[in-house]
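Notes for the one structure printed next.
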Amino acid sequence: MQKINRNVVLALLSLTSLVFLLFQLCYYKFYLSQKNGAAFSKVRGSQSGQDSTRWHVVRKFLGLISSHNIPVYLIDPLILELVDKDIEQIRSSPDGPSPECKYFCAPRDFTTFALLDKTWKHEVGLFRTAEKMGFQWLKIINKDPRLDGMDDLSGMEIPLHYIFKLASHAIHLVVFYERSGNFLWHGPLRLKQHMDRKFVPFRKLHFGRYPGAYEKPELLLVSIDDLKVQIPKNPSSFLEEMSHSRFLECRYREARAFFQLYPDDASLDAVEFRKKAKSLLHLAAMTLNNLGVKFWLSSGTCLGWYRQCNIIPHSKDVDLGIFIRDYKADIIPAFQKAGLPLKHKFGKVEDSLELSFQGEDDVKLDIFFFYEEDDHIWNGGTQAKSGKKFKYLFPKFTLCWTEFVELKVHVPCETLQYVKANYGPEWKVPVKTWDWKSSPFNVQDNGVWPIDEWDNVIQIY
């Protein structure tokens, strides 16, 4: 038998291995990669395969939710910033082709969409379809804070966030809920112990570090990078709202503990006062919101929200705070037009301004204007009969949203420090006798108004 050349055998084996390797690569590229989302062809105008992957993941996600009739809208701040610069062009040519992948191919690890909870309930079918399309998914649930004030229902959990991952890109779907204050709310993103913390870079997500509150947006259907998608009609307004959206929940557990120590006043007078105070607060909020003046719950009204999630029945007034930089001369005529006559005006815009309006019966609305210094914030007070001035010092604070008596309103984010500054370390103990000149923990003398200014700085009606 003729002897076989060893070099020929080695060459044949090498060639066979190479052909098999090429077959595996082709199989992976044209079958497995399309099935599992591992790679995509480039979209027109993109700079790299990674750019193309982002666009294709968004396209597949929009196809997924469309097949289940789920109305979502884009809230990704990075994309909305780019869209906002070209918003007029995008509006004028909603169906025009995109010369390049400009928005959805922008570098980022995820794209964020919003979902209104009441518009969709059938998630099982969605997850099955998503898996068939190659998506991995994660569902984040937590307690429904809207039910915390109800003993029988508190602790019920609701979906807050969904994350769909395909290839190297993820879709973050934020669930928004309607609150009784006629606004939208989303919850925080808190992972359970068993969840994979490496599923996506959670720390980079734009929504979920804390709860957020938003007005109901008007939506616009546009074509972005050849993809039909809904966006907020005014992207710049949404982005501005997003930067100040942090929401604080009322502390129902602490309120229940408070009422165990100090039973709530359920007398007819208390019920009637709370009803009138709620109506006055709603009217004041509508008036100031129409003027575009930012305000927050202050003094006893803020204490009532923080300590007992309700209006303090013996307070006899509603207290609001406004930064003096937000003062508008239209405030007084606007309240008078709303049926709230001016009761007194103390101080002046430059120093210790304070307004009081008369509500129904003996319920009044006090508006305190706050002045910002380098290391603290303060508001003033004036004694009408003597012209004496007082100053109330607070540590610096920022503003967060909350829900109070079915109203979306601001409170100081650093509420405990704010309340302690005003009411001291014993703020949890109810005090029915209160002297505004001496009782506040943060009050100090601030001189006397010159007599020749009294006509301007002490006005009582």
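Ordered as shown in the structure tokens, chains take letters A, B, and onward, while each chain numbers its residues from 1 and ligands are numbered from 1 in the order shown.
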
Among the residues of range 120-196 of chain A, find those DSSP assigns to helix (DSSP H, G or I) from the backbone and print them as a PDB file with N, CA, C and O atoms, in the first residue's frame.
```
ATOM      1  N   GLU A 123     -49.790  41.871  31.548  1.00  0.00           N
ATOM      2  CA  GLU A 123     -48.351  41.816  31.353  1.00  0.00           C
ATOM      3  C   GLU A 123     -47.833  40.415  30.986  1.00  0.00           C
ATOM      4  O   GLU A 123     -46.780  40.295  30.384  1.00  0.00           O
ATOM      5  N   VAL A 124     -48.561  39.341  31.329  1.00  0.00           N
ATOM      6  CA  VAL A 124     -48.060  37.989  31.089  1.00  0.00           C
ATOM      7  C   VAL A 124     -47.808  37.746  29.608  1.00  0.00           C
ATOM      8  O   VAL A 124     -46.754  37.257  29.198  1.00  0.00           O
ATOM      9  N   GLY A 125     -48.781  38.115  28.775  1.00  0.00           N
ATOM     10  CA  GLY A 125     -48.619  37.930  27.345  1.00  0.00           C
ATOM     11  C   GLY A 125     -47.468  38.741  26.784  1.00  0.00           C
ATOM     12  O   GLY A 125     -46.750  38.294  25.878  1.00  0.00           O
ATOM     13  N   LEU A 126     -47.275  39.930  27.339  1.00  0.00           N
ATOM     14  CA  LEU A 126     -46.166  40.785  26.882  1.00  0.00           C
ATOM     15  C   LEU A 126     -44.827  40.120  27.166  1.00  0.00           C
ATOM     16  O   LEU A 126     -43.933  40.100  26.312  1.00  0.00           O
ATOM     17  N   PHE A 127     -44.676  39.572  28.351  1.00  0.00           N
ATOM     18  CA  PHE A 127     -43.404  38.943  28.714  1.00  0.00           C
ATOM     19  C   PHE A 127     -43.109  37.729  27.835  1.00  0.00           C
ATOM     20  O   PHE A 127     -41.966  37.505  27.434  1.00  0.00           O
ATOM     21  N   ARG A 128     -44.140  36.957  27.519  1.00  0.00           N
ATOM     22  CA  ARG A 128     -43.935  35.793  26.659  1.00  0.00           C
ATOM     23  C   ARG A 128     -43.470  36.217  25.278  1.00  0.00           C
ATOM     24  O   ARG A 128     -42.535  35.636  24.713  1.00  0.00           O
ATOM     25  N   THR A 129     -44.118  37.238  24.727  1.00  0.00           N
ATOM     26  CA  THR A 129     -43.719  37.728  23.407  1.00  0.00           C
ATOM     27  C   THR A 129     -42.317  38.308  23.453  1.00  0.00           C
ATOM     28  O   THR A 129     -41.517  38.109  22.530  1.00  0.00           O
ATOM     29  N   ALA A 130     -42.013  39.039  24.535  1.00  0.00           N
ATOM     30  CA  ALA A 130     -40.690  39.638  24.669  1.00  0.00           C
ATOM     31  C   ALA A 130     -39.604  38.564  24.668  1.00  0.00           C
ATOM     32  O   ALA A 130     -38.564  38.724  24.014  1.00  0.00           O
ATOM     33  N   GLU A 131     -39.838  37.480  25.374  1.00  0.00           N
ATOM     34  CA  GLU A 131     -38.852  36.400  25.422  1.00  0.00           C
ATOM     35  C   GLU A 131     -38.660  35.759  24.052  1.00  0.00           C
ATOM     36  O   GLU A 131     -37.543  35.426  23.654  1.00  0.00           O
ATOM     37  N   LYS A 132     -39.756  35.592  23.300  1.00  0.00           N
ATOM     38  CA  LYS A 132     -39.647  35.031  21.957  1.00  0.00           C
ATOM     39  C   LYS A 132     -38.832  35.941  21.041  1.00  0.00           C
ATOM     40  O   LYS A 132     -38.186  35.473  20.105  1.00  0.00           O
ATOM     41  N   PRO A 145     -48.231  53.530  47.643  1.00  0.00           N
ATOM     42  CA  PRO A 145     -48.347  54.534  48.707  1.00  0.00           C
ATOM     43  C   PRO A 145     -49.724  55.171  48.769  1.00  0.00           C
ATOM     44  O   PRO A 145     -50.097  55.752  49.789  1.00  0.00           O
ATOM     45  N   ARG A 146     -50.500  55.056  47.703  1.00  0.00           N
ATOM     46  CA  ARG A 146     -51.846  55.623  47.716  1.00  0.00           C
ATOM     47  C   ARG A 146     -52.749  54.917  48.718  1.00  0.00           C
ATOM     48  O   ARG A 146     -53.798  55.452  49.099  1.00  0.00           O
ATOM     49  N   LEU A 147     -52.337  53.716  49.136  1.00  0.00           N
ATOM     50  CA  LEU A 147     -53.151  52.925  50.058  1.00  0.00           C
ATOM     51  C   LEU A 147     -52.594  52.924  51.480  1.00  0.00           C
ATOM     52  O   LEU A 147     -53.153  52.281  52.353  1.00  0.00           O
TER      53      LEU A 147
END
```

Q) Leaving out range 340-345 of chain A and any residue of its chain fewer than 6 positions from it, which residues lie within 8 Å of it when counting only C-alpha atoms, given as a list in words? A)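 Non-adjacent residues within range: Ile332, Leu353, Glu354, Leu355, Ser356, Phe357, Gln358, Gly359, Val457, Ile458, Gln459, Ile460 and Tyr461 of chain A.
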
Prev. selection, all heavy atoms, output as an mmCIF file, in the first residue's frame:
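The file below, selection_28.cif, is the result:
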```cif
data_model
loop_
_atom_site.group_PDB
_atom_site.id
_atom_site.type_symbol
_atom_site.label_atom_id
_atom_site.label_comp_id
_atom_site.auth_asym_id
_atom_site.auth_seq_id
_atom_site.Cartn_x
_atom_site.Cartn_y
_atom_site.Cartn_z
ATOM 1 N N ILE A 332 -51.667 90.292 45.163
ATOM 2 C CA ILE A 332 -52.778 90.855 45.949
ATOM 3 C C ILE A 332 -54.051 90.991 45.111
ATOM 4 O O ILE A 332 -55.116 90.501 45.521
ATOM 5 C CB ILE A 332 -52.373 92.198 46.579
ATOM 6 C CG1 ILE A 332 -51.282 91.969 47.635
ATOM 7 C CG2 ILE A 332 -53.581 92.893 47.210
ATOM 8 C CD1 ILE A 332 -50.736 93.243 48.260
ATOM 9 N N LEU A 353 -41.614 91.070 54.191
ATOM 10 C CA LEU A 353 -42.960 91.145 53.620
ATOM 11 C C LEU A 353 -43.811 89.982 54.108
ATOM 12 O O LEU A 353 -43.372 88.836 54.165
ATOM 13 C CB LEU A 353 -42.881 91.134 52.092
ATOM 14 C CG LEU A 353 -44.218 91.270 51.360
ATOM 15 C CD1 LEU A 353 -44.869 92.621 51.674
ATOM 16 C CD2 LEU A 353 -44.041 91.104 49.858
ATOM 17 N N GLU A 354 -45.046 90.286 54.441
ATOM 18 C CA GLU A 354 -46.009 89.288 54.919
ATOM 19 C C GLU A 354 -47.401 89.731 54.507
ATOM 20 O O GLU A 354 -47.757 90.905 54.699
ATOM 21 C CB GLU A 354 -45.911 89.163 56.439
ATOM 22 C CG GLU A 354 -46.961 88.294 57.085
ATOM 23 C CD GLU A 354 -46.952 88.412 58.605
ATOM 24 O OE1 GLU A 354 -45.927 88.842 59.172
ATOM 25 O OE2 GLU A 354 -47.983 88.081 59.212
ATOM 26 N N LEU A 355 -48.187 88.821 53.935
ATOM 27 C CA LEU A 355 -49.548 89.124 53.517
ATOM 28 C C LEU A 355 -50.517 88.184 54.211
ATOM 29 O O LEU A 355 -50.205 87.018 54.450
ATOM 30 C CB LEU A 355 -49.706 88.966 52.002
ATOM 31 C CG LEU A 355 -48.793 89.794 51.099
ATOM 32 C CD1 LEU A 355 -49.026 89.425 49.633
ATOM 33 C CD2 LEU A 355 -49.032 91.281 51.315
ATOM 34 N N SER A 356 -51.699 88.701 54.525
ATOM 35 C CA SER A 356 -52.738 87.879 55.127
ATOM 36 C C SER A 356 -54.059 88.178 54.431
ATOM 37 O O SER A 356 -54.437 89.338 54.264
ATOM 38 C CB SER A 356 -52.854 88.166 56.627
ATOM 39 O OG SER A 356 -53.808 87.304 57.233
ATOM 40 N N PHE A 357 -54.760 87.115 54.011
ATOM 41 C CA PHE A 357 -56.035 87.256 53.323
ATOM 42 C C PHE A 357 -57.131 86.574 54.132
ATOM 43 O O PHE A 357 -56.891 85.558 54.790
ATOM 44 C CB PHE A 357 -55.960 86.630 51.926
ATOM 45 C CG PHE A 357 -54.958 87.298 51.018
ATOM 46 C CD1 PHE A 357 -53.650 86.841 50.956
ATOM 47 C CD2 PHE A 357 -55.321 88.397 50.246
ATOM 48 C CE1 PHE A 357 -52.722 87.452 50.123
ATOM 49 C CE2 PHE A 357 -54.402 89.014 49.409
ATOM 50 C CZ PHE A 357 -53.096 88.548 49.353
ATOM 51 N N GLN A 358 -58.322 87.147 54.069
ATOM 52 C CA GLN A 358 -59.429 86.625 54.848
ATOM 53 C C GLN A 358 -60.206 85.597 54.055
ATOM 54 O O GLN A 358 -60.740 85.888 52.979
ATOM 55 C CB GLN A 358 -60.363 87.757 55.267
ATOM 56 C CG GLN A 358 -61.475 87.310 56.206
ATOM 57 C CD GLN A 358 -60.935 86.753 57.520
ATOM 58 O OE1 GLN A 358 -60.214 87.433 58.234
ATOM 59 N NE2 GLN A 358 -61.275 85.501 57.834
ATOM 60 N N GLY A 359 -60.256 84.376 54.585
ATOM 61 C CA GLY A 359 -61.045 83.329 53.967
ATOM 62 C C GLY A 359 -62.429 83.270 54.563
ATOM 63 O O GLY A 359 -62.913 84.241 55.167
ATOM 64 N N VAL A 457 -45.468 100.078 55.872
ATOM 65 C CA VAL A 457 -45.099 98.724 56.296
ATOM 66 C C VAL A 457 -46.062 98.107 57.282
ATOM 67 O O VAL A 457 -45.940 96.926 57.621
ATOM 68 C CB VAL A 457 -43.680 98.713 56.899
ATOM 69 C CG1 VAL A 457 -42.645 99.166 55.868
ATOM 70 C CG2 VAL A 457 -43.597 99.568 58.159
ATOM 71 N N ILE A 458 -47.055 98.880 57.747
ATOM 72 C CA ILE A 458 -48.080 98.336 58.632
ATOM 73 C C ILE A 458 -49.437 98.757 58.091
ATOM 74 O O ILE A 458 -49.928 99.862 58.362
ATOM 75 C CB ILE A 458 -47.901 98.826 60.088
ATOM 76 C CG1 ILE A 458 -46.520 98.477 60.615
ATOM 77 C CG2 ILE A 458 -48.982 98.239 60.991
ATOM 78 C CD1 ILE A 458 -46.222 99.020 62.007
ATOM 79 N N GLN A 459 -50.032 97.882 57.329
ATOM 80 C CA GLN A 459 -51.313 98.183 56.694
ATOM 81 C C GLN A 459 -52.326 97.125 57.102
ATOM 82 O O GLN A 459 -52.171 95.941 56.818
ATOM 83 C CB GLN A 459 -51.178 98.216 55.166
ATOM 84 C CG GLN A 459 -50.207 99.284 54.671
ATOM 85 C CD GLN A 459 -50.092 99.298 53.160
ATOM 86 O OE1 GLN A 459 -50.918 98.724 52.453
ATOM 87 N NE2 GLN A 459 -49.055 99.957 52.641
ATOM 88 N N ILE A 460 -53.381 97.584 57.813
ATOM 89 C CA ILE A 460 -54.420 96.674 58.299
ATOM 90 C C ILE A 460 -55.765 97.100 57.693
ATOM 91 O O ILE A 460 -56.086 98.284 57.678
ATOM 92 C CB ILE A 460 -54.506 96.718 59.841
ATOM 93 C CG1 ILE A 460 -53.166 96.318 60.451
ATOM 94 C CG2 ILE A 460 -55.599 95.783 60.341
ATOM 95 C CD1 ILE A 460 -53.125 96.400 61.958
ATOM 96 N N TYR A 461 -56.499 96.111 57.210
ATOM 97 C CA TYR A 461 -57.762 96.425 56.512
ATOM 98 C C TYR A 461 -58.945 95.826 57.235
ATOM 99 O O TYR A 461 -58.825 94.875 57.974
ATOM 100 C CB TYR A 461 -57.688 95.871 55.079
ATOM 101 C CG TYR A 461 -56.557 96.458 54.277
ATOM 102 C CD1 TYR A 461 -55.312 95.822 54.272
ATOM 103 C CD2 TYR A 461 -56.709 97.628 53.568
ATOM 104 C CE1 TYR A 461 -54.253 96.338 53.542
ATOM 105 C CE2 TYR A 461 -55.652 98.163 52.824
ATOM 106 C CZ TYR A 461 -54.426 97.513 52.830
ATOM 107 O OH TYR A 461 -53.381 98.032 52.121
#
```

### Which of A:Glu453, A:Asp330, A:Thr402, A:Pro159 sits closest to Gly387 in chain A [using only C-alpha atoms]
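Comparing A:Glu453, A:Asp330, A:Thr402, A:Pro159 against Gly387 in chain A, the winner is A:Glu453.
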
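Distances from A:Ile171, A:Thr382, A:Leu138, A:Phe61 to His194 in chain A were compared using only C-alpha atoms, and the smallest one belongs to A:Leu138.
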
Check: Residues at most 10 Å from Leu280 in chain A, counting only C-alpha atoms, excluding those fewer than 6 positions away in the same chain, as a ChimeraX atom specification?
Finding: /A:274,286,317-318,340,358-360,363-365

Write out the residues from the selection above, keeping N, CA and C atoms, as a compact mmCIF listing (two decimals), in the first residue's frame.
```txt
# COMPACT_ATOMS: atom_id res chain seq x y z
N ARG A 274 -61.35 72.01 59.17
CA ARG A 274 -60.54 71.33 58.18
C ARG A 274 -61.16 71.43 56.79
N MET A 286 -54.61 77.31 43.36
CA MET A 286 -55.05 77.63 42.01
C MET A 286 -54.66 79.06 41.64
N ASP A 317 -55.63 78.79 60.72
CA ASP A 317 -55.22 79.47 59.50
C ASP A 317 -54.49 78.50 58.58
N VAL A 318 -54.21 78.96 57.36
CA VAL A 318 -53.41 78.21 56.39
C VAL A 318 -52.15 79.03 56.13
N LEU A 340 -60.85 86.68 48.11
CA LEU A 340 -60.13 86.70 49.39
C LEU A 340 -59.58 88.11 49.61
N GLN A 358 -58.32 87.15 54.07
CA GLN A 358 -59.43 86.63 54.85
C GLN A 358 -60.21 85.60 54.06
N GLY A 359 -60.26 84.38 54.59
CA GLY A 359 -61.04 83.33 53.97
C GLY A 359 -62.43 83.27 54.56
N GLU A 360 -63.08 82.13 54.41
CA GLU A 360 -64.43 81.95 54.91
C GLU A 360 -64.45 81.99 56.43
N VAL A 363 -61.29 81.78 59.10
CA VAL A 363 -60.12 81.09 58.55
C VAL A 363 -59.37 82.05 57.64
N LYS A 364 -58.09 82.26 57.93
CA LYS A 364 -57.31 83.19 57.11
C LYS A 364 -56.13 82.50 56.45
N LEU A 365 -55.63 83.13 55.41
CA LEU A 365 -54.48 82.64 54.67
C LEU A 365 -53.30 83.58 54.92
```

Selection: 12 Å around Glu350 in chain A, only C-alpha atoms, excl. self and same-chain fewer than 4 positions, as a PyMOL selection string: chain A and resi 323-325+327+346+354+369-372+379-380+457

(Q) Using DSSP assignments from the backbone, pull out every residue in range 322-399 of chain A that falls under strand (DSSP E) and give it to me as a PyMOL selection string. (A) chain A and resi 322-323+342-348+351-358+364-372+377-382+388-394+399

*Please provide the set of residues having any atom within 8 Å of range 101-112 of chain A, restricted to only C-alpha atoms, with same-chain residues fewer than 3 positions apart removed, written as an MDAnalysis selection string.*
chainID A and resid 43:46 51:55 58 74:76 79 82:83 98 168:174 201 205 224:225

Exercise for review: One decimal, Å: what's the distance from CA of Asp445 in chain A over to CA of Ala384 in chain A, could you say?
Suggested key: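 Pair CA of Asp445 in chain A / CA of Ala384 in chain A returns 14.6 Å.
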
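CA of Glu414 in chain A to CA of Cys400 in chain A spans 8.8 Å [interatomic distance, one decimal].
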